[in-house]
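*Asks:* Quick one: structure below, then a few questions.
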Amino acid sequence: MLVDAGVGTASDATLAMELGCDGVLMNTAIAQARDPIRMAKAMRLAIESGRDAYLAGRMPKKLYASASSPLDGTFF
């Protein structure tokens, strides 16, 4: 599956890849950026990190947050 619309910045590309997309097509986000070279680099890194995150597998989601750090030895 490829994403071909709605990618305006690097975080959008990362999210698409984390969700399991095979790739992201882009033009406007890079072409209309103030610094297209820098945006292209950001998009490349975002795609790579999103794919790595997808392949690594996220931790299970929880309905409620819980502290993962031990409370022993802490002051209140």
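Naming scheme: A, B, ... for chains in displayed order of the structure tokens; residues 1 onward per chain; ligands 1 onward as shown.
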Residues near Leu55 of chain A, anyone? I mean within 12 Å using only C-alpha atoms, not counting same-chain ones fewer than 5 positions away, as JSON, numbers by chain.
*Replies:* {"A": [17, 18, 19, 20, 21, 22, 48, 49, 50]}
*Asks:* Pull N, CA and C atoms from the residues just selected and write them as an mmCIF file, in the first residue's frame.
*Replies:*
data_model
loop_
_atom_site.group_PDB
_atom_site.id
_atom_site.type_symbol
_atom_site.label_atom_id
_atom_site.label_comp_id
_atom_site.auth_asym_id
_atom_site.auth_seq_id
_atom_site.Cartn_x
_atom_site.Cartn_y
_atom_site.Cartn_z
ATOM 1 N N MET A 17 4.266 5.079 7.691
ATOM 2 C CA MET A 17 5.131 3.902 7.680
ATOM 3 C C MET A 17 4.940 3.055 8.936
ATOM 4 N N GLU A 18 4.718 3.702 10.083
ATOM 5 C CA GLU A 18 4.471 2.964 11.320
ATOM 6 C C GLU A 18 3.179 2.152 11.236
ATOM 7 N N LEU A 19 2.236 2.636 10.453
ATOM 8 C CA LEU A 19 0.965 1.926 10.284
ATOM 9 C C LEU A 19 1.076 0.760 9.309
ATOM 10 N N GLY A 20 2.231 0.647 8.640
ATOM 11 C CA GLY A 20 2.455 -0.498 7.772
ATOM 12 C C GLY A 20 2.417 -0.226 6.286
ATOM 13 N N CYS A 21 2.380 1.025 5.884
ATOM 14 C CA CYS A 21 2.419 1.335 4.451
ATOM 15 C C CYS A 21 3.756 0.870 3.867
ATOM 16 N N ASP A 22 3.732 0.532 2.606
ATOM 17 C CA ASP A 22 4.946 0.092 1.923
ATOM 18 C C ASP A 22 5.781 1.255 1.416
ATOM 19 N N GLU A 48 12.545 6.034 6.893
ATOM 20 C CA GLU A 48 13.386 4.978 7.461
ATOM 21 C C GLU A 48 13.005 4.673 8.912
ATOM 22 N N SER A 49 12.800 5.698 9.717
ATOM 23 C CA SER A 49 12.477 5.454 11.124
ATOM 24 C C SER A 49 11.086 4.862 11.285
ATOM 25 N N GLY A 50 10.135 5.302 10.470
ATOM 26 C CA GLY A 50 8.790 4.731 10.532
ATOM 27 C C GLY A 50 8.769 3.264 10.151
#
*Asks:* Would you kindly return, as a ChimeraX atom specification, each protein, DNA or RNA residue with an atom no farther than 12 Å from any atom of Gln32 of chain A, considering only C-alpha atoms and excluding same-chain residues fewer than 6 positions away?
*Replies:* /A:8-9,26,38-40
*Asks:* Would you output that residue set with N, CA and C atoms, as a PDB file, in the first residue's frame?
*Replies:*
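Heads up, here's the output in selection-v6.pdb:
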ATOM      1  N   GLY A   8       2.292  16.231   4.628  1.00  0.00           N
ATOM      2  CA  GLY A   8       2.761  17.610   4.584  1.00  0.00           C
ATOM      3  C   GLY A   8       4.084  17.825   5.278  1.00  0.00           C
ATOM      4  N   THR A   9       4.444  16.898   6.148  1.00  0.00           N
ATOM      5  CA  THR A   9       5.694  17.018   6.883  1.00  0.00           C
ATOM      6  C   THR A   9       6.205  15.627   7.264  1.00  0.00           C
ATOM      7  N   MET A  26       5.658  11.504  -2.662  1.00  0.00           N
ATOM      8  CA  MET A  26       5.528  12.908  -2.278  1.00  0.00           C
ATOM      9  C   MET A  26       6.178  13.817  -3.297  1.00  0.00           C
ATOM     10  N   ARG A  38      16.429  20.314   2.749  1.00  0.00           N
ATOM     11  CA  ARG A  38      16.309  19.872   4.140  1.00  0.00           C
ATOM     12  C   ARG A  38      15.052  19.047   4.354  1.00  0.00           C
ATOM     13  N   MET A  39      13.943  19.449   3.707  1.00  0.00           N
ATOM     14  CA  MET A  39      12.699  18.685   3.837  1.00  0.00           C
ATOM     15  C   MET A  39      12.849  17.304   3.213  1.00  0.00           C
ATOM     16  N   ALA A  40      13.523  17.206   2.091  1.00  0.00           N
ATOM     17  CA  ALA A  40      13.747  15.900   1.462  1.00  0.00           C
ATOM     18  C   ALA A  40      14.557  14.995   2.389  1.00  0.00           C
TER      19      ALA A  40
END
*Asks:* Would you please extract all strand (DSSP E) residues from chain A, as assigned by DSSP on the backbone, and give them as a PDB file with C-alpha atoms, in the first residue's frame?
*Replies:*
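Below is the file out_37.pdb, written as the result:
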ATOM      1  CA  LEU A   2       1.301   3.452  -0.904  1.00  0.00           C
ATOM      2  CA  VAL A   3       0.284   6.814   0.514  1.00  0.00           C
ATOM      3  CA  GLY A  23       5.893   3.552   0.758  1.00  0.00           C
ATOM      4  CA  VAL A  24       5.009   7.227   0.524  1.00  0.00           C
TER       5      VAL A  24
END
*Asks:* From the set A:Gly6, A:Asp12, A:Arg58, A:Tyr64, which residue has the shortest atom-to-atom contact distance to Ala46 of chain A, counting only C-alpha atoms?
*Replies:* A:Asp12
*Asks:* Would you return as a PyMOL selection string the members of chain A that DSSP assigns to alpha helix (DSSP H) on this structure's backbone?
*Replies:* chain A and resi 10-18+28-31+36-56
*Asks:* What is the distance, in Å and to one decimal place, between atom CA of Asp35 of chain A and atom CA of Ala10 of chain A?
*Replies:*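 Going from atom CA of Asp35 of chain A over to atom CA of Ala10 of chain A, I get 13.2 Å.
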*Asks:* One decimal, Å: what's the distance from atom CA of Met59 of chain A over to atom CA of Met1 of chain A, could you say?
*Replies:*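 Atom CA of Met1 of chain A lies at a distance of 23.5 Å from atom CA of Met59 of chain A.
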*Asks:* Between atom CA of Ala29 of chain A and atom CA of Tyr54 of chain A, what is the distance, to one decimal in Å?
*Replies:*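 Those two atoms sit 22.8 Å apart.
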*Asks:* Using only C-alpha atoms, find the one residue out of A:Ile37, A:Leu45, A:Leu25, A:Ile30 that sits nearest to Ala5 of chain A.
*Replies:*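 Residue with the minimum atom-to-atom distance to Ala5 of chain A: A:Leu25.
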